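**Q** Mind having a look at this structure? Questions to follow.
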Amino acid sequence: MIIAIDGPAGSGKSSTAKAVAQKLGFQHIDTGAMYRVITLKALRQHVSFRDEAKMGSLTQNTKIEFDGFIPNVKVIMDGEDVSKEIRSDDVTKNVSDYCAIKIVRELLVEQQRNIAKGKNSVAEGRDMASVVFPDAELKIFMTANVETRAKRRQKDFEKLGVKKTIEELSAEIEARDKKDSSRKNSPLCKTEDSIEIDTSNLSFEEQTQKIIGLAKKKI
């Protein structure tokens with residue numbers, strides 16, 4: 001069984017997907033982390049997102065692995081633990097541009113499908129239900145108002161020692177939403193068969209249990 005969770009930045013899909021996977025005993029596929037890995041590597045090598053040929057080669061020659069078990073899964077890039085680096089402000093600001101590249105998406109989508117093959121999985125990202133797993137048994141579209149999402153982002157950055165105001169983060173989130181929803185390749189969208197869950201006024205436990213309940217009905 002595949003549970004596909006889509007939604008905009010800061011909607012809570014990553015942490016919720018991990019909790020759902022852990023409680024159901026499913027594999028968790030953090031597709032967003034994969035795009036962050038590619039962004040980090042490109043920034044380190046000073047490869048522009050406008051250079052599609054170089055980005056295709058870079059993606060093809062990058063080994064991405066997930067090591068460990070929830071909640072302590074490490075993201076490994078070419079043998080290096082980059083779990084913290086991929087959550088940096090620099091990567092967060094640039095990932096929308098790098099993940100919009102067609103060849104990058106095609107190569108990573110192929111990897112994501114291979115990871116899920118034959119396994120019960122919870123996959124989350126921007127195009128899980130529409131592109132990566134269109135036949136997923138359960139499709140969820142998580143959302144939340146901008147202020148709520150900005151507060152969540154602020155907490156994430158505080159853990160990394162980065163201070164940002166709610167106003168700054170709200171502006172960044174709105175810009176990210178616009179990029180993700182209007183990009184040519186696999187734009188963020190809610191499919192007709194997705195169940196929308198607004199997490200603005202839900203506790204973490206409530207949103208997790210809501211998805212688990214829907215999954216159990218499908219099982």
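Following the order of the structure tokens, first chain is A, next is B, and so on, with residues numbered from 1 inside each chain and ligands from 1 in the order they appear.
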Which residues come within 12 Å of A:Gly213, counting only C-alpha atoms, excluding same-chain residues fewer than 4 positions away, as number ranges by chain?
**A** A: 20, 23-24, 138, 205-209, 217-219
**Q** Keeping N, CA, C and O atoms for every residue in the selection just given, could you write it to a file as a compact mmCIF listing (two decimals), in the first residue's frame?
**A**
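Dumped to again_6.txt:
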```
# COMPACT_ATOMS: atom_id res chain seq x y z
N VAL A 20 3.20 8.77 10.76
CA VAL A 20 2.25 7.80 10.19
C VAL A 20 2.99 6.52 9.81
O VAL A 20 2.53 5.40 10.10
N LYS A 23 4.01 4.51 12.96
CA LYS A 23 2.90 3.86 13.67
C LYS A 23 2.28 2.73 12.86
O LYS A 23 1.75 1.77 13.43
N LEU A 24 2.35 2.82 11.53
CA LEU A 24 1.80 1.76 10.69
C LEU A 24 2.84 0.70 10.34
O LEU A 24 2.50 -0.35 9.80
N LEU A 138 -4.09 5.68 -1.06
CA LEU A 138 -4.60 6.80 -0.25
C LEU A 138 -3.81 8.05 -0.60
O LEU A 138 -2.58 8.06 -0.54
N GLU A 205 -0.76 15.30 16.89
CA GLU A 205 -1.35 13.99 17.13
C GLU A 205 -2.67 13.84 16.37
O GLU A 205 -2.97 12.78 15.80
N GLU A 206 -3.45 14.91 16.32
CA GLU A 206 -4.75 14.87 15.63
C GLU A 206 -4.58 14.64 14.13
O GLU A 206 -5.28 13.82 13.53
N GLN A 207 -3.63 15.37 13.51
CA GLN A 207 -3.46 15.20 12.07
C GLN A 207 -2.87 13.83 11.74
O GLN A 207 -3.21 13.21 10.72
N THR A 208 -2.01 13.33 12.62
CA THR A 208 -1.42 12.00 12.42
C THR A 208 -2.49 10.92 12.51
O THR A 208 -2.59 10.05 11.64
N GLN A 209 -3.31 11.00 13.55
CA GLN A 209 -4.35 9.99 13.75
C GLN A 209 -5.41 10.03 12.66
O GLN A 209 -5.99 9.00 12.31
N LYS A 217 -8.88 2.23 7.15
CA LYS A 217 -10.11 1.94 6.40
C LYS A 217 -9.77 1.33 5.04
O LYS A 217 -10.46 0.43 4.56
N LYS A 218 -8.70 1.83 4.42
CA LYS A 218 -8.27 1.31 3.11
C LYS A 218 -7.70 -0.10 3.26
O LYS A 218 -7.91 -0.96 2.41
N ILE A 219 -6.95 -0.31 4.34
CA ILE A 219 -6.32 -1.62 4.57
C ILE A 219 -7.40 -2.67 4.79
O ILE A 219 -7.34 -3.77 4.28
```
**Q** Please identify every residue of stretch 166-191 of chain A that has at least one atom no farther than 8 Å from an atom of stretch 88-103 of chain A, counting only C-alpha atoms, and for each give the shortest atom pair and the distance in Å to one decimal, arranged by chain then increasing number, as a Markdown table.
**A**
```
| residue | atom | partner | partner_atom | distance |
| --- | --- | --- | --- | --- |
| A:Glu172 | CA | A:Lys93 | CA | 8.0 |
| A:Arg176 | CA | A:Ser96 | CA | 6.9 |
| A:Lys179 | CA | A:Ser96 | CA | 6.8 |
| A:Asp180 | CA | A:Ser96 | CA | 6.6 |
| A:Arg183 | CA | A:Ala100 | CA | 6.5 |
| A:Lys184 | CA | A:Ala100 | CA | 7.6 |
| A:Asn185 | CA | A:Lys102 | CA | 5.9 |
| A:Ser186 | CA | A:Ala100 | CA | 7.7 |
```
**Q** Just the selected residues (N, CA, C and O atoms), exported as a compact mmCIF listing (two decimals), in the first residue's frame, please.
**A**
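And here is the file that came out, selection_39.txt:
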```txt
# COMPACT_ATOMS: atom_id res chain seq x y z
N GLU A 172 8.61 34.50 2.43
CA GLU A 172 9.34 33.41 1.75
C GLU A 172 8.40 32.26 1.39
O GLU A 172 8.50 31.68 0.30
N ARG A 176 7.49 30.85 -2.25
CA ARG A 176 7.70 29.42 -2.53
C ARG A 176 6.42 28.79 -3.10
O ARG A 176 6.46 28.01 -4.04
N LYS A 179 6.04 29.75 -6.73
CA LYS A 179 6.98 29.00 -7.58
C LYS A 179 6.52 27.56 -7.77
O LYS A 179 6.49 27.03 -8.88
N ASP A 180 6.17 26.92 -6.65
CA ASP A 180 5.81 25.50 -6.70
C ASP A 180 4.53 25.26 -7.49
O ASP A 180 4.38 24.24 -8.16
N ARG A 183 5.20 26.29 -11.58
CA ARG A 183 6.29 25.73 -12.38
C ARG A 183 5.73 24.82 -13.48
O ARG A 183 4.66 24.22 -13.34
N LYS A 184 6.48 24.72 -14.58
CA LYS A 184 6.04 23.94 -15.73
C LYS A 184 6.05 22.44 -15.45
O LYS A 184 5.18 21.69 -15.88
N ASN A 185 7.08 21.97 -14.74
CA ASN A 185 7.24 20.54 -14.50
C ASN A 185 6.68 20.13 -13.14
O ASN A 185 7.17 20.58 -12.11
N SER A 186 5.67 19.29 -13.16
CA SER A 186 5.06 18.74 -11.95
C SER A 186 4.71 19.80 -10.91
O SER A 186 5.24 19.79 -9.79
```
**Q** When you draw a straight line from atom CA of A:Gly25 to atom CA of A:Asp193, how long is it in Å?
**A**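 So the answer is 24.4 Å.
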**Q** Skipping near chain neighbours, those fewer than 6 positions away, what residues fall within 10 Å of A:Val73 using only C-alpha atoms, listed as a PyMOL selection string?
**A** chain A and resi 18+28+65-67+83
**Q** What does the file look like for those residues with C-alpha atoms, as an mmCIF file, in the first residue's frame?
**A**
```cif
data_model
loop_
_atom_site.group_PDB
_atom_site.id
_atom_site.type_symbol
_atom_site.label_atom_id
_atom_site.label_comp_id
_atom_site.auth_asym_id
_atom_site.auth_seq_id
_atom_site.Cartn_x
_atom_site.Cartn_y
_atom_site.Cartn_z
ATOM 1 C CA LYS A 18 7.222 10.068 9.469
ATOM 2 C CA HIS A 28 8.911 6.537 4.836
ATOM 3 C CA GLU A 65 20.565 6.847 0.692
ATOM 4 C CA PHE A 66 18.455 6.834 3.849
ATOM 5 C CA ASP A 67 20.143 5.189 6.817
ATOM 6 C CA SER A 83 20.949 15.488 7.281
#
```
**Q** Just how far from atom CA of A:Ile195 is atom CA of A:Ala150, in Å to one decimal?
**A** 23.1 Å
**Q** What residues in stretch 25-194 of chain A get the DSSP label strand (DSSP E or B)? Please answer as a PDB file with N, CA, C and O atoms, in the first residue's frame.
**A**
```pdb
ATOM      1  N   GLN A  27       7.400   2.015   5.353  1.00  0.00           N
ATOM      2  CA  GLN A  27       8.604   2.736   4.959  1.00  0.00           C
ATOM      3  C   GLN A  27       8.250   4.200   4.703  1.00  0.00           C
ATOM      4  O   GLN A  27       7.189   4.501   4.156  1.00  0.00           O
ATOM      5  N   HIS A  28       9.129   5.121   5.108  1.00  0.00           N
ATOM      6  CA  HIS A  28       8.911   6.537   4.836  1.00  0.00           C
ATOM      7  C   HIS A  28       9.839   6.997   3.720  1.00  0.00           C
ATOM      8  O   HIS A  28      11.045   6.768   3.782  1.00  0.00           O
ATOM      9  N   ILE A  29       9.269   7.623   2.700  1.00  0.00           N
ATOM     10  CA  ILE A  29      10.070   8.139   1.577  1.00  0.00           C
ATOM     11  C   ILE A  29      10.013   9.666   1.607  1.00  0.00           C
ATOM     12  O   ILE A  29       8.994  10.275   1.269  1.00  0.00           O
ATOM     13  N   ASP A  30      11.106  10.278   2.028  1.00  0.00           N
ATOM     14  CA  ASP A  30      11.193  11.736   2.115  1.00  0.00           C
ATOM     15  C   ASP A  30      11.720  12.275   0.790  1.00  0.00           C
ATOM     16  O   ASP A  30      12.919  12.501   0.620  1.00  0.00           O
ATOM     17  N   ILE A  64      21.978   8.776  -3.357  1.00  0.00           N
ATOM     18  CA  ILE A  64      21.192   9.208  -2.206  1.00  0.00           C
ATOM     19  C   ILE A  64      20.714   7.977  -1.440  1.00  0.00           C
ATOM     20  O   ILE A  64      20.119   7.069  -2.019  1.00  0.00           O
ATOM     21  N   GLU A  65      20.988   7.973  -0.140  1.00  0.00           N
ATOM     22  CA  GLU A  65      20.565   6.847   0.692  1.00  0.00           C
ATOM     23  C   GLU A  65      19.932   7.356   1.984  1.00  0.00           C
ATOM     24  O   GLU A  65      20.247   8.456   2.449  1.00  0.00           O
ATOM     25  N   PHE A  66      19.050   6.538   2.545  1.00  0.00           N
ATOM     26  CA  PHE A  66      18.455   6.834   3.849  1.00  0.00           C
ATOM     27  C   PHE A  66      18.927   5.735   4.795  1.00  0.00           C
ATOM     28  O   PHE A  66      18.729   4.547   4.533  1.00  0.00           O
ATOM     29  N   ASP A  67      19.549   6.157   5.896  1.00  0.00           N
ATOM     30  CA  ASP A  67      20.143   5.189   6.817  1.00  0.00           C
ATOM     31  C   ASP A  67      19.528   5.309   8.207  1.00  0.00           C
ATOM     32  O   ASP A  67      19.396   6.410   8.744  1.00  0.00           O
ATOM     33  N   LYS A  74      19.085   9.074   8.815  1.00  0.00           N
ATOM     34  CA  LYS A  74      20.104   9.973   8.273  1.00  0.00           C
ATOM     35  C   LYS A  74      19.982  10.022   6.753  1.00  0.00           C
ATOM     36  O   LYS A  74      19.685   9.009   6.119  1.00  0.00           O
ATOM     37  N   VAL A  75      20.205  11.206   6.188  1.00  0.00           N
ATOM     38  CA  VAL A  75      20.198  11.369   4.738  1.00  0.00           C
ATOM     39  C   VAL A  75      21.653  11.378   4.282  1.00  0.00           C
ATOM     40  O   VAL A  75      22.446  12.227   4.702  1.00  0.00           O
ATOM     41  N   ILE A  76      21.996  10.410   3.438  1.00  0.00           N
ATOM     42  CA  ILE A  76      23.389  10.239   3.006  1.00  0.00           C
ATOM     43  C   ILE A  76      23.554  10.625   1.536  1.00  0.00           C
ATOM     44  O   ILE A  76      22.839  10.129   0.666  1.00  0.00           O
ATOM     45  N   MET A  77      24.494  11.510   1.260  1.00  0.00           N
ATOM     46  CA  MET A  77      24.813  11.932  -0.111  1.00  0.00           C
ATOM     47  C   MET A  77      26.230  11.481  -0.442  1.00  0.00           C
ATOM     48  O   MET A  77      27.193  11.939   0.182  1.00  0.00           O
ATOM     49  N   GLU A  80      28.244  10.738   2.519  1.00  0.00           N
ATOM     50  CA  GLU A  80      28.346  11.772   3.554  1.00  0.00           C
ATOM     51  C   GLU A  80      26.984  12.032   4.196  1.00  0.00           C
ATOM     52  O   GLU A  80      25.975  12.178   3.499  1.00  0.00           O
ATOM     53  N   ASP A  81      26.944  12.115   5.510  1.00  0.00           N
ATOM     54  CA  ASP A  81      25.717  12.439   6.225  1.00  0.00           C
ATOM     55  C   ASP A  81      25.439  13.939   6.074  1.00  0.00           C
ATOM     56  O   ASP A  81      26.171  14.774   6.607  1.00  0.00           O
ATOM     57  N   SER A 121       4.466   1.923   1.857  1.00  0.00           N
ATOM     58  CA  SER A 121       5.230   3.172   1.963  1.00  0.00           C
ATOM     59  C   SER A 121       4.352   4.383   2.207  1.00  0.00           C
ATOM     60  O   SER A 121       3.197   4.439   1.764  1.00  0.00           O
ATOM     61  N   VAL A 122       4.935   5.360   2.911  1.00  0.00           N
ATOM     62  CA  VAL A 122       4.330   6.681   3.036  1.00  0.00           C
ATOM     63  C   VAL A 122       5.292   7.632   2.331  1.00  0.00           C
ATOM     64  O   VAL A 122       6.439   7.780   2.744  1.00  0.00           O
ATOM     65  N   ALA A 123       4.836   8.241   1.248  1.00  0.00           N
ATOM     66  CA  ALA A 123       5.688   9.139   0.463  1.00  0.00           C
ATOM     67  C   ALA A 123       5.117  10.546   0.519  1.00  0.00           C
ATOM     68  O   ALA A 123       3.911  10.735   0.348  1.00  0.00           O
ATOM     69  N   GLU A 124       5.984  11.517   0.771  1.00  0.00           N
ATOM     70  CA  GLU A 124       5.487  12.896   0.834  1.00  0.00           C
ATOM     71  C   GLU A 124       6.332  13.831   0.001  1.00  0.00           C
ATOM     72  O   GLU A 124       7.525  13.610  -0.183  1.00  0.00           O
ATOM     73  N   GLY A 125       5.668  14.865  -0.536  1.00  0.00           N
ATOM     74  CA  GLY A 125       6.359  15.827  -1.375  1.00  0.00           C
ATOM     75  C   GLY A 125       5.376  16.801  -1.996  1.00  0.00           C
ATOM     76  O   GLY A 125       4.344  17.124  -1.413  1.00  0.00           O
ATOM     77  N   LEU A 138      -4.093   5.683  -1.057  1.00  0.00           N
ATOM     78  CA  LEU A 138      -4.595   6.797  -0.252  1.00  0.00           C
ATOM     79  C   LEU A 138      -3.810   8.048  -0.603  1.00  0.00           C
ATOM     80  O   LEU A 138      -2.581   8.060  -0.541  1.00  0.00           O
ATOM     81  N   LYS A 139      -4.535   9.108  -0.974  1.00  0.00           N
ATOM     82  CA  LYS A 139      -3.899  10.372  -1.349  1.00  0.00           C
ATOM     83  C   LYS A 139      -4.374  11.475  -0.401  1.00  0.00           C
ATOM     84  O   LYS A 139      -5.578  11.689  -0.248  1.00  0.00           O
ATOM     85  N   ILE A 140      -3.422  12.144   0.201  1.00  0.00           N
ATOM     86  CA  ILE A 140      -3.712  13.217   1.165  1.00  0.00           C
ATOM     87  C   ILE A 140      -3.098  14.518   0.674  1.00  0.00           C
ATOM     88  O   ILE A 140      -1.956  14.538   0.216  1.00  0.00           O
ATOM     89  N   PHE A 141      -3.849  15.613   0.779  1.00  0.00           N
ATOM     90  CA  PHE A 141      -3.302  16.933   0.478  1.00  0.00           C
ATOM     91  C   PHE A 141      -3.370  17.747   1.766  1.00  0.00           C
ATOM     92  O   PHE A 141      -4.442  18.141   2.217  1.00  0.00           O
ATOM     93  N   MET A 142      -2.200  17.959   2.375  1.00  0.00           N
ATOM     94  CA  MET A 142      -2.133  18.710   3.636  1.00  0.00           C
ATOM     95  C   MET A 142      -1.900  20.187   3.367  1.00  0.00           C
ATOM     96  O   MET A 142      -1.102  20.555   2.509  1.00  0.00           O
ATOM     97  N   THR A 143      -2.602  21.022   4.112  1.00  0.00           N
ATOM     98  CA  THR A 143      -2.421  22.456   3.954  1.00  0.00           C
ATOM     99  C   THR A 143      -2.557  23.136   5.319  1.00  0.00           C
ATOM    100  O   THR A 143      -2.916  22.509   6.311  1.00  0.00           O
TER     101      THR A 143
END
```
**Q** From the list A:Gly10, A:Gly56, A:Pro134, A:Gly68, which residue is nearest A:Glu106 when using only C-alpha atoms?
**A**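 Nearest candidate to A:Glu106 out of A:Gly10, A:Gly56, A:Pro134, A:Gly68: A:Gly56.
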**Q** Mind pulling up the distance from atom CA of A:Phe204 to atom CA of A:Ser15?
**A** 8.6 Å
**Q** Using only C-alpha atoms, can you tell me which of A:Gln45, A:Pro71, A:Asp51, A:Leu169 comes closest to A:Thr16?
**A**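 Between A:Gln45, A:Pro71, A:Asp51, A:Leu169, the residue approaching A:Thr16 most closely is A:Pro71.
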**Q** From the options A:Ile38, A:Ala215, A:Leu58, A:Ile197, which residue's atoms come nearest to A:Ala136, counting only C-alpha atoms?
**A**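 When distances to A:Ala136 are compared using only C-alpha atoms, the smallest one comes from A:Ala215.
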**Q** Could you name the residues that touch A:Leu188 at 6 Å or less, counting only C-alpha atoms, but leaving out those on the same chain fewer than 3 positions away, as a short mmCIF file (atom, residue, chain, number, x, y, z; two decimals) with all heavy atoms, in the first residue's frame?
**A**
```cif
data_model
loop_
_atom_site.label_atom_id
_atom_site.label_comp_id
_atom_site.auth_asym_id
_atom_site.auth_seq_id
_atom_site.Cartn_x
_atom_site.Cartn_y
_atom_site.Cartn_z
N ARG A 126 5.68 17.26 -3.21
CA ARG A 126 4.81 18.23 -3.88
C ARG A 126 3.96 17.59 -4.99
O ARG A 126 2.96 18.13 -5.41
CB ARG A 126 5.64 19.36 -4.52
CG ARG A 126 6.49 20.16 -3.58
CD ARG A 126 5.65 21.03 -2.66
NE ARG A 126 6.47 22.01 -1.98
CZ ARG A 126 7.29 21.75 -0.98
NH1 ARG A 126 7.42 20.51 -0.55
NH2 ARG A 126 7.99 22.71 -0.41
N ASP A 127 4.41 16.43 -5.51
CA ASP A 127 3.69 15.83 -6.64
C ASP A 127 3.51 14.32 -6.47
O ASP A 127 3.50 13.58 -7.44
CB ASP A 127 4.43 16.14 -7.95
CG ASP A 127 5.87 15.63 -7.94
OD1 ASP A 127 6.32 15.13 -6.89
OD2 ASP A 127 6.54 15.72 -8.99
N ASP A 180 6.17 26.92 -6.65
CA ASP A 180 5.81 25.50 -6.70
C ASP A 180 4.53 25.26 -7.49
O ASP A 180 4.38 24.24 -8.16
CB ASP A 180 5.65 24.94 -5.28
CG ASP A 180 6.98 24.79 -4.56
OD1 ASP A 180 8.03 24.86 -5.24
OD2 ASP A 180 6.98 24.61 -3.34
N SER A 181 3.58 26.19 -7.39
CA SER A 181 2.28 26.01 -8.04
C SER A 181 2.29 26.39 -9.52
O SER A 181 1.46 25.92 -10.29
CB SER A 181 1.21 26.84 -7.32
OG SER A 181 1.11 26.44 -5.98
#
```
